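Source file work.csv; content: CSV, C-alpha atoms and all ligand atoms.
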```csv
chain,number,residue,atom,x,y,z
Y,5,MET,CA,66.7,106.1,106.9
Y,6,ARG,CA,66.0,108.5,109.7
Y,7,ARG,CA,68.6,110.6,111.5
Y,8,ILE,CA,67.4,111.7,114.9
Y,9,ALA,CA,69.3,113.9,117.4
Y,10,HIS,CA,69.0,114.2,121.2
Y,11,LEU,CA,70.4,117.4,122.5
Y,12,ASP,CA,71.0,117.9,126.2
Y,13,MET,CA,72.3,121.2,127.7
Y,14,ASP,CA,75.4,120.7,129.9
Y,15,ALA,CA,74.7,121.4,133.6
Y,16,PHE,CA,72.0,123.8,132.5
Y,17,TYR,CA,71.0,125.7,135.7
Y,18,ALA,CA,74.6,126.0,136.9
Y,19,SER,CA,75.8,127.1,133.5
Y,20,VAL,CA,73.1,129.8,133.3
Y,21,GLU,CA,74.2,131.1,136.7
Y,22,TRP,CA,77.9,131.1,135.6
Y,23,LEU,CA,76.9,133.5,132.7
Y,24,ARG,CA,76.2,136.2,135.3
Y,25,TYR,CA,78.6,135.0,138.0
Y,26,PRO,CA,81.6,133.7,136.1
Y,27,GLN,CA,83.7,134.1,139.3
Y,28,LEU,CA,81.8,131.0,140.7
Y,29,LYS,CA,83.0,128.6,138.0
Y,30,GLY,CA,84.7,125.5,139.3
Y,31,LEU,CA,83.6,126.1,142.9
Y,32,PRO,CA,81.3,123.8,144.9
Y,33,MET,CA,77.9,125.3,144.4
Y,34,VAL,CA,74.3,124.3,145.0
Y,35,ILE,CA,71.2,125.8,143.6
Y,36,GLY,CA,68.0,125.5,145.7
Y,37,GLY,CA,65.7,127.0,148.2
Y,38,GLY,CA,63.5,130.0,147.8
Y,39,ARG,CA,63.0,132.4,145.0
Y,40,ARG,CA,65.6,135.0,144.1
Y,41,ARG,CA,65.2,138.4,145.5
Y,42,ASP,CA,66.9,140.5,142.9
Y,43,ASP,CA,70.0,142.6,143.7
Y,44,GLU,CA,70.2,141.4,147.3
Y,45,LEU,CA,73.9,141.0,147.1
Y,46,ILE,CA,74.3,144.4,145.3
Y,47,ALA,CA,72.3,146.1,148.0
Y,48,ARG,CA,74.6,144.6,150.7
Y,49,LEU,CA,77.7,145.6,148.8
Y,50,ASN,CA,76.5,149.1,148.6
Y,51,ILE,CA,76.1,149.2,152.4
Y,52,GLU,CA,79.4,147.4,153.2
Y,53,GLN,CA,81.5,148.9,150.4
Y,54,PRO,CA,80.1,152.4,150.0
Y,55,GLU,CA,83.3,153.7,148.3
Y,56,HIS,CA,82.1,152.1,145.1
Y,57,VAL,CA,78.6,152.4,143.6
Y,58,TRP,CA,77.5,148.8,142.8
Y,59,THR,CA,74.8,148.3,140.2
Y,60,ALA,CA,73.1,145.3,138.5
Y,61,ASP,CA,75.8,145.4,135.8
Y,62,ASP,CA,78.4,144.4,138.4
Y,63,LEU,CA,77.3,140.9,139.0
Y,64,ALA,CA,80.4,139.4,137.6
Y,65,LEU,CA,82.5,141.6,139.9
Y,66,ILE,CA,80.9,140.6,143.2
Y,67,PRO,CA,83.7,139.0,145.3
Y,68,VAL,CA,83.2,135.3,145.9
Y,69,ASP,CA,83.3,135.9,149.7
Y,70,PHE,CA,80.1,137.9,149.4
Y,71,PHE,CA,78.0,135.0,148.2
Y,72,PRO,CA,75.9,133.1,150.8
Y,73,ARG,CA,77.3,129.8,151.9
Y,74,LEU,CA,75.4,126.6,152.5
Y,75,LYS,CA,76.5,126.7,156.2
Y,76,ASP,CA,74.5,129.9,156.8
Y,77,TYR,CA,71.3,128.5,155.4
Y,78,VAL,CA,68.3,128.1,157.8
Y,79,GLY,CA,65.1,126.7,156.3
Y,80,ARG,CA,63.4,123.9,154.7
Y,81,GLY,CA,64.5,124.2,151.1
Y,82,VAL,CA,66.0,121.3,149.1
Y,83,ILE,CA,68.7,121.2,146.5
Y,84,THR,CA,67.6,121.5,142.9
Y,85,THR,CA,71.0,120.9,141.4
Y,86,ALA,CA,74.6,120.7,142.7
Y,87,THR,CA,77.8,121.3,140.7
Y,88,TYR,CA,80.3,118.5,140.3
Y,89,PRO,CA,82.8,119.9,143.0
Y,90,ALA,CA,79.8,119.9,145.5
Y,91,ARG,CA,78.7,116.4,144.5
Y,92,GLN,CA,82.1,115.1,145.5
Y,93,PHE,CA,81.1,115.9,149.1
Y,94,GLY,CA,78.0,113.6,148.8
Y,95,VAL,CA,75.6,116.5,148.1
Y,96,GLY,CA,72.9,115.9,145.5
Y,97,SER,CA,69.6,116.8,144.1
Y,98,ALA,CA,66.5,116.7,146.3
Y,99,MET,CA,68.6,116.7,149.5
Y,100,GLY,CA,67.6,119.1,152.2
Y,101,LEU,CA,69.8,122.2,152.2
Y,102,MET,CA,70.5,122.0,155.9
Y,103,LYS,CA,71.6,118.4,155.6
Y,104,ALA,CA,73.8,119.3,152.7
Y,105,ALA,CA,75.3,122.1,154.7
Y,106,ARG,CA,76.8,119.5,157.1
Y,107,LEU,CA,78.4,117.7,154.2
Y,108,CYS,CA,79.7,120.7,152.3
Y,109,PRO,CA,79.4,123.9,154.5
Y,110,GLN,CA,81.6,126.0,152.2
Y,111,ALA,CA,79.5,125.5,149.1
Y,112,ILE,CA,78.1,128.6,147.5
Y,113,LEU,CA,74.3,128.7,147.7
Y,114,LEU,CA,72.3,130.3,145.0
Y,115,PRO,CA,68.5,130.5,144.9
Y,116,VAL,CA,66.6,128.8,142.0
Y,117,ASP,CA,65.8,131.3,139.3
Y,118,PHE,CA,63.4,129.5,137.0
Y,119,ASP,CA,62.5,132.7,135.1
Y,120,GLU,CA,66.1,133.0,134.0
Y,121,TYR,CA,66.4,129.3,133.1
Y,122,ARG,CA,63.2,129.4,131.1
Y,123,ARG,CA,64.5,132.5,129.2
Y,124,TYR,CA,67.6,130.6,128.2
Y,125,SER,CA,65.6,127.5,127.5
Y,126,ARG,CA,63.5,129.5,125.0
Y,127,ALA,CA,66.6,131.1,123.5
Y,128,PHE,CA,68.4,127.8,122.7
Y,129,LYS,CA,65.3,126.2,121.3
Y,130,ASP,CA,64.7,129.2,119.0
Y,131,VAL,CA,68.2,128.7,117.7
Y,132,ILE,CA,67.5,125.0,117.0
Y,133,ARG,CA,64.1,125.6,115.3
Y,134,ASP,CA,65.7,128.2,112.9
Y,135,ILE,CA,68.1,125.5,111.7
Y,136,ALA,CA,66.0,122.3,112.1
Y,137,PRO,CA,62.3,123.0,112.5
Y,138,VAL,CA,61.2,119.4,113.6
Y,139,MET,CA,62.0,119.6,117.3
Y,140,GLU,CA,60.4,117.9,120.2
Y,141,ASP,CA,60.5,119.8,123.5
Y,142,ARG,CA,61.4,117.4,126.3
Y,143,GLY,CA,61.7,119.9,129.2
Y,144,VAL,CA,63.7,122.9,130.1
Y,145,ASP,CA,67.1,121.6,128.9
Y,146,GLU,CA,66.6,118.8,126.4
Y,147,VAL,CA,65.0,118.2,123.0
Y,148,TYR,CA,64.9,115.7,120.2
Y,149,ILE,CA,65.5,117.0,116.6
Y,150,ASP,CA,64.7,115.2,113.4
Y,151,PHE,CA,67.6,115.7,111.0
Y,152,THR,CA,66.1,113.5,108.3
Y,153,ASP,CA,64.7,116.3,106.0
Y,154,VAL,CA,67.1,119.0,106.9
Y,155,PRO,CA,69.4,119.8,104.0
Y,156,GLY,CA,72.9,118.5,104.9
Y,157,GLY,CA,71.4,116.5,107.8
Y,158,GLU,CA,72.9,113.3,106.6
Y,159,ARG,CA,76.5,114.5,106.2
Y,160,GLU,CA,78.9,112.5,108.4
Y,161,GLY,CA,75.9,110.8,109.9
Y,162,GLY,CA,74.6,114.1,111.2
Y,163,ARG,CA,77.8,115.3,112.8
Y,164,VAL,CA,78.1,118.4,110.5
Y,165,LEU,CA,74.6,119.6,111.4
Y,166,ALA,CA,75.1,118.8,115.1
Y,167,ARG,CA,78.2,120.8,115.1
Y,168,LEU,CA,76.4,123.8,113.5
Y,169,ILE,CA,73.6,123.6,116.1
Y,170,GLN,CA,76.1,123.4,118.9
Y,171,LYS,CA,78.1,126.4,117.7
Y,172,SER,CA,75.0,128.4,117.0
Y,173,ILE,CA,73.6,127.8,120.5
Y,174,PHE,CA,77.0,128.8,122.0
Y,175,ASP,CA,77.2,132.0,119.9
Y,176,ALA,CA,73.6,133.0,120.9
Y,177,THR,CA,73.7,132.1,124.6
Y,178,GLY,CA,77.2,131.2,125.7
Y,179,LEU,CA,76.0,127.8,126.8
Y,180,THR,CA,77.3,124.4,125.7
Y,181,CYS,CA,75.4,121.2,125.0
Y,182,SER,CA,75.9,117.6,124.1
Y,183,ILE,CA,74.3,116.0,121.1
Y,184,GLY,CA,73.8,112.3,120.1
Y,185,VAL,CA,72.7,111.5,116.6
Y,186,ALA,CA,71.3,108.1,115.8
Y,187,PRO,CA,68.7,106.2,113.7
Y,188,ASN,CA,66.0,106.9,116.4
Y,189,LYS,CA,65.2,108.6,119.7
Y,190,LEU,CA,66.1,105.7,121.9
Y,191,LEU,CA,69.7,105.5,120.6
Y,192,ALA,CA,70.1,109.2,120.2
Y,193,LYS,CA,69.2,109.7,123.9
Y,194,MET,CA,71.9,107.2,124.9
Y,195,ALA,CA,74.4,108.7,122.5
Y,196,SER,CA,74.1,112.2,123.9
Y,197,GLU,CA,75.6,111.0,127.1
Y,198,PHE,CA,78.7,109.5,125.5
Y,199,ASN,CA,80.7,112.7,125.1
Y,200,LYS,CA,79.7,115.1,127.8
Y,201,PRO,CA,80.2,118.0,128.1
Y,202,ASN,CA,80.2,119.8,124.8
Y,203,GLY,CA,80.4,116.6,122.8
Y,204,ILE,CA,78.9,115.0,119.7
Y,205,SER,CA,78.4,111.3,119.3
Y,206,VAL,CA,77.2,109.7,116.1
Y,207,VAL,CA,75.7,106.2,116.3
Y,208,HIS,CA,74.8,104.0,113.3
Y,209,GLU,CA,72.8,100.9,113.2
Y,210,GLY,CA,76.0,98.9,112.8
Y,211,ASP,CA,77.4,100.3,116.1
Y,212,LEU,CA,74.8,98.4,118.2
Y,213,GLN,CA,77.1,95.6,119.3
Y,214,THR,CA,80.2,97.7,120.0
Y,215,LEU,CA,78.6,100.9,121.5
Y,216,ILE,CA,75.2,99.9,123.0
Y,217,TRP,CA,75.4,96.3,124.1
Y,218,PRO,CA,78.3,96.8,126.6
Y,219,LEU,CA,76.2,99.4,128.5
Y,220,PRO,CA,74.2,98.5,131.7
Y,221,CYS,CA,70.4,98.0,131.0
Y,222,ARG,CA,69.7,101.2,133.1
Y,223,LYS,CA,71.1,103.3,130.3
Y,224,ILE,CA,67.9,102.5,128.3
Y,225,ASN,CA,65.4,105.3,128.9
Y,226,GLY,CA,62.4,103.3,130.1
Y,227,ILE,CA,64.2,100.8,132.2
Y,228,GLY,CA,63.9,102.1,135.8
Y,229,PRO,CA,65.4,100.8,139.0
Y,230,LYS,CA,62.6,98.3,139.6
Y,231,ALA,CA,62.8,96.7,136.1
Y,232,ASP,CA,66.6,96.8,136.3
Y,233,ALA,CA,66.5,94.9,139.6
Y,234,ARG,CA,64.2,92.3,138.2
Y,235,LEU,CA,66.5,91.9,135.1
Y,236,GLN,CA,69.5,91.5,137.4
Y,237,GLY,CA,67.6,88.8,139.2
Y,238,TYR,CA,67.7,86.9,136.0
Y,239,GLY,CA,71.4,87.6,135.5
Y,240,ILE,CA,70.8,90.3,132.9
Y,241,ARG,CA,73.0,93.3,133.6
Y,242,PHE,CA,74.0,94.6,130.2
Y,243,ILE,CA,72.0,95.5,127.1
Y,244,GLY,CA,73.8,92.7,125.2
Y,245,GLU,CA,72.6,90.2,127.7
Y,246,LEU,CA,69.0,91.5,127.3
Y,247,ALA,CA,69.3,91.3,123.5
Y,248,ALA,CA,70.3,87.7,123.8
Y,249,ARG,CA,67.0,86.7,125.5
Y,250,GLU,CA,64.1,85.5,123.4
Y,251,ARG,CA,61.3,88.0,122.9
Y,252,ALA,CA,58.8,85.3,124.2
Y,253,TRP,CA,60.9,84.7,127.3
Y,254,LEU,CA,60.9,88.4,128.1
Y,255,ALA,CA,57.1,88.7,127.4
Y,256,ALA,CA,56.4,85.7,129.7
Y,257,ARG,CA,58.2,87.4,132.6
Y,258,PHE,CA,57.6,91.2,132.0
Y,259,GLY,CA,54.2,91.2,130.3
Y,260,LYS,CA,53.4,91.1,126.7
Y,261,SER,CA,53.9,94.8,125.8
Y,262,TYR,CA,56.8,95.7,128.2
Y,263,GLY,CA,58.6,92.4,127.4
Y,264,ALA,CA,58.3,93.1,123.6
Y,265,TRP,CA,59.4,96.7,124.2
Y,266,LEU,CA,62.5,95.5,126.2
Y,267,HIS,CA,63.4,93.2,123.3
Y,268,ASP,CA,63.1,96.0,120.7
Y,269,ALA,CA,65.0,98.4,122.9
Y,270,ALA,CA,67.9,96.0,123.4
Y,271,TRP,CA,68.0,95.7,119.6
Y,272,GLY,CA,68.0,99.4,119.1
Y,273,ARG,CA,64.5,99.5,117.5
Y,274,ASP,CA,62.3,102.5,118.1
Y,275,ASP,CA,60.0,104.1,115.6
Y,276,ARG,CA,58.5,106.9,117.7
Y,277,PRO,CA,58.3,110.1,115.7
Y,278,VAL,CA,59.7,113.4,116.8
Y,279,ALA,CA,56.6,115.1,118.1
Y,280,THR,CA,56.7,118.8,117.5
Y,281,GLU,CA,53.7,119.5,119.7
Y,282,SER,CA,53.8,117.5,122.9
Y,283,GLU,CA,50.5,116.7,124.7
Y,284,PRO,CA,50.7,116.7,128.5
Y,285,VAL,CA,50.7,113.2,130.0
Y,286,SER,CA,49.4,114.5,133.3
Y,287,MET,CA,48.7,117.6,135.3
Y,288,SER,CA,49.6,118.0,138.9
Y,289,ARG,CA,49.8,120.5,141.8
Y,290,GLU,CA,51.8,120.1,144.9
Y,291,THR,CA,52.9,122.2,147.8
Y,292,THR,CA,55.7,122.0,150.4
Y,293,PHE,CA,54.3,123.0,153.8
Y,294,GLU,CA,55.8,125.8,155.9
Y,295,ARG,CA,56.1,123.2,158.7
Y,296,ASP,CA,55.6,119.5,158.8
Y,297,LEU,CA,52.0,118.5,159.1
Y,298,HIS,CA,50.5,115.5,160.7
Y,299,ALA,CA,47.3,113.8,159.5
Y,300,VAL,CA,45.7,113.7,162.9
Y,301,ARG,CA,47.1,116.7,164.7
Y,302,ASP,CA,46.8,119.1,161.7
Y,303,ARG,CA,43.8,117.5,160.2
Y,304,ALA,CA,41.8,120.7,159.4
Y,305,GLU,CA,44.8,122.5,157.9
Y,306,LEU,CA,45.8,119.5,155.9
Y,307,SER,CA,42.3,118.9,154.6
Y,308,ALA,CA,42.0,122.5,153.5
Y,309,ILE,CA,45.3,122.3,151.6
Y,310,PHE,CA,44.3,119.0,150.0
Y,311,THR,CA,40.9,120.4,148.8
Y,312,ARG,CA,42.7,123.5,147.4
Y,313,LEU,CA,45.2,121.3,145.5
Y,314,CYS,CA,42.3,119.3,144.0
Y,315,GLN,CA,40.6,122.6,143.0
Y,316,GLN,CA,43.7,123.9,141.4
Y,317,VAL,CA,44.4,120.7,139.3
Y,318,ALA,CA,40.7,120.7,138.2
Y,319,ALA,CA,41.1,124.4,137.2
Y,320,ASP,CA,44.3,123.6,135.3
Y,321,LEU,CA,42.5,120.8,133.4
Y,322,ARG,CA,39.5,122.9,132.4
Y,323,ARG,CA,41.7,125.9,131.5
Y,324,LYS,CA,43.7,123.7,129.1
Y,325,GLY,CA,40.8,121.6,127.9
Y,326,TYR,CA,41.7,118.2,129.4
Y,327,ALA,CA,40.0,115.6,131.5
Y,328,GLY,CA,41.8,112.6,133.2
Y,329,ARG,CA,41.0,109.2,134.4
Y,330,THR,CA,43.9,108.4,136.8
Y,331,ILE,CA,43.9,110.3,140.0
Y,332,GLY,CA,46.8,110.1,142.3
Y,333,ILE,CA,48.6,111.6,145.3
Y,334,LYS,CA,52.2,112.2,146.2
Y,335,ILE,CA,53.6,112.6,149.7
Y,336,THR,CA,57.0,113.4,151.0
Y,337,TYR,CA,57.4,112.6,154.7
Y,338,ASP,CA,59.5,114.5,157.2
Y,339,ASN,CA,62.3,112.0,156.6
Y,340,PHE,CA,62.2,112.7,152.9
Y,341,ALA,CA,60.8,109.3,152.0
Y,342,LYS,CA,58.3,109.7,149.1
Y,343,VAL,CA,55.2,107.7,148.4
Y,344,THR,CA,52.7,107.9,145.5
Y,345,ARG,CA,49.3,106.2,145.1
Y,346,ASP,CA,46.8,106.4,142.3
Y,347,ARG,CA,43.6,104.8,141.1
Y,348,THR,CA,42.0,104.7,137.7
Y,349,ILE,CA,38.3,105.5,137.4
Y,350,GLU,CA,35.6,104.7,134.8
Y,351,THR,CA,35.1,108.1,133.2
Y,352,HIS,CA,37.4,111.1,132.6
Y,353,THR,CA,36.9,114.0,134.9
Y,354,ALA,CA,38.0,117.6,135.4
Y,355,ASP,CA,35.7,118.0,138.4
Y,356,SER,CA,37.4,119.0,141.7
Y,357,VAL,CA,34.8,117.2,143.9
Y,358,VAL,CA,35.4,113.9,142.0
Y,359,ILE,CA,39.1,114.4,142.0
Y,360,ARG,CA,39.0,115.2,145.8
Y,361,ARG,CA,37.0,112.0,146.5
Y,362,HIS,CA,39.3,109.7,144.7
Y,363,ALA,CA,42.5,111.4,145.8
Y,364,GLY,CA,41.1,111.0,149.3
Y,365,GLN,CA,40.7,107.3,148.8
Y,366,CYS,CA,44.4,107.2,147.7
Y,367,LEU,CA,45.3,109.0,150.9
Y,368,LYS,CA,43.7,106.1,152.9
Y,369,ARG,CA,46.3,103.7,151.4
Y,370,VAL,CA,49.4,105.4,152.8
Y,371,ASP,CA,51.0,105.7,156.2
Y,372,LEU,CA,49.4,108.7,158.0
Y,373,THR,CA,51.3,108.3,161.2
Y,374,ARG,CA,54.3,110.1,159.9
Y,375,ALA,CA,54.4,113.9,159.5
Y,376,MET,CA,54.5,115.2,156.0
Y,377,ARG,CA,56.4,118.0,154.4
Y,378,LEU,CA,54.9,117.9,150.9
Y,379,LEU,CA,51.5,116.9,149.4
Y,380,GLY,CA,50.6,116.7,145.7
Y,381,VAL,CA,47.6,115.8,143.6
Y,382,ARG,CA,48.0,114.5,140.1
Y,383,VAL,CA,45.5,113.6,137.3
Y,384,GLY,CA,46.8,111.4,134.4
Y,385,LYS,CA,45.5,109.4,131.4
Y,386,LEU,CA,44.4,112.6,129.9
Y,387,ILE,CA,42.1,113.2,126.9
Y,388,LYS,CA,41.4,116.5,125.1
Y,389,THR,CA,37.9,117.6,125.9
Y,390,GLY,CA,37.8,120.1,123.1
Y,391,ALA,CA,37.8,123.8,123.6
Y,392,ALA,CA,39.8,125.0,126.5
Y,393,VAL,CA,37.5,126.6,129.1
Y,394,VAL,CA,38.4,130.0,130.4
Y,395,VAL,CA,38.9,129.7,134.1
Y,396,PRO,CA,40.0,132.8,136.0
Y,397,PRO,CA,43.3,132.1,137.8
Y,398,SER,CA,41.9,133.4,141.1
Y,399,ASP,CA,42.5,130.1,142.9
Y,400,ASP,CA,46.2,130.1,142.0
Y,401,LEU,CA,47.4,130.6,145.5
Y,402,PHE,CA,50.7,128.9,145.1
G,501,MG,MG,71.2,118.6,131.0
```
Just give me the structure as structure tokens.
Amino acid sequence: MRRIAHLDMDAFYASVEWLRYPQLKGLPMVIGGGRRRDDELIARLNIEQPEHVWTADDLALIPVDFFPRLKDYVGRGVITTATYPARQFGVGSAMGLMKAARLCPQAILLPVDFDEYRRYSRAFKDVIRDIAPVMEDRGVDEVYIDFTDVPGGEREGGRVLARLIQKSIFDATGLTCSIGVAPNKLLAKMASEFNKPNGISVVHEGDLQTLIWPLPCRKINGIGPKADARLQGYGIRFIGELAARERAWLAARFGKSYGAWLHDAAWGRDDRPVATESEPVSMSRETTFERDLHAVRDRAELSAIFTRLCQQVAADLRRKGYAGRTIGIKITYDNFAKVTRDRTIETHTADSVVIRRHAGQCLKRVDLTRAMRLLGVRVGKLIKTGAAVVVPPSDDLF
């Protein structure tokens, strides 16, 4: 019997910011926009309050009034994350900062500091690996952990080990997390949401009917908004209702493999291993323009950027020793609507000219009458091509 944990850091970016600015806890706050310029606030304080010498050690003492507010923001940045008190005003991820400013002008605005978030990400993962070495990295703030072969990993269904990990992470970083422990990844992922923040949930096979079946289908990682809408069209809203359908009935309507997967998921079945070394699924490059660009009016500029993105993705692939077979584009229009297109080709490639040609074909399948604010190029269906090629990072312009 396996015991698998899913660990999710609580409000990760905001919590990392609160470590250095504890005075901002509980306030409406958004993180987004440009990169951090260090000590900007400290420099301003030294000018405006010269009676005290402010240093980088005084971050926790900066008066709340000194922090930039959303209402003063001018630019094209978008929100990366918003705290709960800000979300209550209708502000949320991916929203333009200037639009958000109209909804919640008083929110504190902090720039994104990925270096700092990555530093804490490494720190909490190091703590976990010291205790339970079979860990799958799922991004900056979440991991799966296999408890099965860890001494004591079975005690109280995994709760004892989860508590130890939670406490060790807090002692090392000051950050809290929520952990779900279950027979597999699918259930563990759902369980980690049961008791947020700073919670632990233990799910056993026998809990399927009481804990899992009453949940909406969307809670299953792998049922997106489209699949959910189709399920609802058949009157299937909850996981229990999904479980009640015949496997063949689902396969006939959702395709053989997705239909079978839906059935297994509803019955809490998932035998995916915890993969300690994750292979990339795709590689992509994208850029947000300084100003909106139009396919006709700004053709030359757009074309140059497009070519450069293709060259960068190709260089990434060769540097890491991959080639891909699905080539796609991503566009965000000036009204923030997003569109993606891709096509799958016969042979794997890491050639920028080939990527450019097929990405160009994808571009012909989207609306080019609207101005764009972001363009991205992506290569998926990757295979390892063997030894990584050393490519000088000279074309890393972004
Ligand atoms: Mg999280």
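Taking all atoms listed in the file into account, every polymer residue with at least one atom at most 6 Å away from ligand MG 501 (chain G) is listed here: Asp12, Met13, Asp14, Ala15, Phe16 and Asp145 of chain Y.
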List every residue of region 221-294 of chain Y that has an atom at most 10 Å from any atom of region 316-338 of chain Y, giving for each one its closest atom pair and the distance in Å to one decimal, counting all atoms listed in the file, sorted by chain and then by ascending residue number, as CSV.
```
residue,atom,partner,partner_atom,distance
Y:Pro284,CA,Y:Tyr326,CA,9.2
Y:Val285,CA,Y:Gly328,CA,9.5
Y:Ser286,CA,Y:Gly328,CA,7.8
Y:Met287,CA,Y:Val317,CA,6.6
Y:Ser288,CA,Y:Val317,CA,5.9
Y:Arg289,CA,Y:Val317,CA,6.0
Y:Glu290,CA,Y:Lys334,CA,8.0
Y:Thr291,CA,Y:Ile335,CA,9.8
Y:Thr292,CA,Y:Thr336,CA,8.7
```
I'd like a table as a tab-separated table: residues in region 239-337 of chain Y with an atom no more than 8 Å from region 187-196 of chain Y, each row giving the shortest atom pair and its distance in Å to one decimal, only C-alpha atoms counted, sorted by chain and rising residue number.
```
residue	atom	partner	partner_atom	distance
Y:Ala269	CA	Y:Leu190	CA	7.4
Y:Gly272	CA	Y:Leu191	CA	6.5
Y:Arg273	CA	Y:Asn188	CA	7.6
Y:Asp274	CA	Y:Asn188	CA	6.0
Y:Asp275	CA	Y:Asn188	CA	6.7
Y:Arg276	CA	Y:Lys189	CA	7.2
Y:Val278	CA	Y:Lys189	CA	7.9
```
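Proximity to Gln315 (chain Y) was assessed for Y:Ile173, Y:Ile135, Y:Val116, Y:Val357 counting all atoms listed in the file; the smallest distance is recorded for Y:Val357.
With CA of Ala90 (chain Y) on one side and CA of Leu31 (chain Y) on the other, the separation reads 7.7 Å.
Between Arg312 (chain Y) and the candidates Y:Ile359, Y:Cys108, Y:Ala255, Y:Ile216, the tightest atom-to-atom separation, counting only C-alpha atoms, involves Y:Ile359.
Here CA of Pro201 (chain Y) and CA of Ala9 (chain Y) stand 15.8 Å from one another.
Taking CA of Ser172 (chain Y) as the reference point, CA of Leu11 (chain Y) is found at 13.1 Å.
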Atoms are missing here; could region 53-64 of chain Y be completed with N, CA, C and O atoms and written as a PDB file, in the frame of the given file?
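selection_33.pdb, freshly written:
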```pdb
ATOM      1  N   GLN Y  53      80.423 148.305 151.179  1.00  0.00           N
ATOM      2  CA  GLN Y  53      81.500 148.900 150.400  1.00  0.00           C
ATOM      3  C   GLN Y  53      81.080 150.178 149.746  1.00  0.00           C
ATOM      4  O   GLN Y  53      81.009 150.251 148.523  1.00  0.00           O
ATOM      5  N   PRO Y  54      80.766 151.203 150.542  1.00  0.00           N
ATOM      6  CA  PRO Y  54      80.100 152.400 150.000  1.00  0.00           C
ATOM      7  C   PRO Y  54      81.070 153.234 149.106  1.00  0.00           C
ATOM      8  O   PRO Y  54      80.611 154.111 148.379  1.00  0.00           O
ATOM      9  N   GLU Y  55      82.369 152.896 149.129  1.00  0.00           N
ATOM     10  CA  GLU Y  55      83.300 153.700 148.300  1.00  0.00           C
ATOM     11  C   GLU Y  55      83.083 153.433 146.815  1.00  0.00           C
ATOM     12  O   GLU Y  55      83.552 154.182 145.981  1.00  0.00           O
ATOM     13  N   HIS Y  56      82.351 152.364 146.477  1.00  0.00           N
ATOM     14  CA  HIS Y  56      82.100 152.100 145.100  1.00  0.00           C
ATOM     15  C   HIS Y  56      80.560 151.952 144.898  1.00  0.00           C
ATOM     16  O   HIS Y  56      79.893 151.380 145.749  1.00  0.00           O
ATOM     17  N   VAL Y  57      80.024 152.540 143.846  1.00  0.00           N
ATOM     18  CA  VAL Y  57      78.600 152.400 143.600  1.00  0.00           C
ATOM     19  C   VAL Y  57      78.352 151.116 142.803  1.00  0.00           C
ATOM     20  O   VAL Y  57      78.778 150.991 141.657  1.00  0.00           O
ATOM     21  N   TRP Y  58      77.708 150.128 143.453  1.00  0.00           N
ATOM     22  CA  TRP Y  58      77.500 148.800 142.800  1.00  0.00           C
ATOM     23  C   TRP Y  58      76.106 148.881 142.113  1.00  0.00           C
ATOM     24  O   TRP Y  58      75.135 149.384 142.663  1.00  0.00           O
ATOM     25  N   THR Y  59      76.059 148.336 140.881  1.00  0.00           N
ATOM     26  CA  THR Y  59      74.800 148.300 140.200  1.00  0.00           C
ATOM     27  C   THR Y  59      74.581 146.841 139.645  1.00  0.00           C
ATOM     28  O   THR Y  59      75.464 145.989 139.789  1.00  0.00           O
ATOM     29  N   ALA Y  60      73.420 146.621 139.027  1.00  0.00           N
ATOM     30  CA  ALA Y  60      73.100 145.300 138.500  1.00  0.00           C
ATOM     31  C   ALA Y  60      74.054 144.871 137.390  1.00  0.00           C
ATOM     32  O   ALA Y  60      74.084 143.703 137.006  1.00  0.00           O
ATOM     33  N   ASP Y  61      74.837 145.807 136.853  1.00  0.00           N
ATOM     34  CA  ASP Y  61      75.800 145.400 135.800  1.00  0.00           C
ATOM     35  C   ASP Y  61      77.085 144.845 136.396  1.00  0.00           C
ATOM     36  O   ASP Y  61      77.958 144.398 135.661  1.00  0.00           O
ATOM     37  N   ASP Y  62      77.200 144.865 137.718  1.00  0.00           N
ATOM     38  CA  ASP Y  62      78.400 144.400 138.400  1.00  0.00           C
ATOM     39  C   ASP Y  62      78.402 143.012 138.885  1.00  0.00           C
ATOM     40  O   ASP Y  62      79.269 142.635 139.674  1.00  0.00           O
ATOM     41  N   LEU Y  63      77.408 142.212 138.462  1.00  0.00           N
ATOM     42  CA  LEU Y  63      77.300 140.900 139.000  1.00  0.00           C
ATOM     43  C   LEU Y  63      78.538 140.056 138.935  1.00  0.00           C
ATOM     44  O   LEU Y  63      78.902 139.329 139.855  1.00  0.00           O
ATOM     45  N   ALA Y  64      79.235 140.209 137.802  1.00  0.00           N
ATOM     46  CA  ALA Y  64      80.400 139.400 137.600  1.00  0.00           C
ATOM     47  C   ALA Y  64      81.597 139.878 138.474  1.00  0.00           C
ATOM     48  O   ALA Y  64      82.627 139.207 138.558  1.00  0.00           O
TER      49      ALA Y  64
END
```
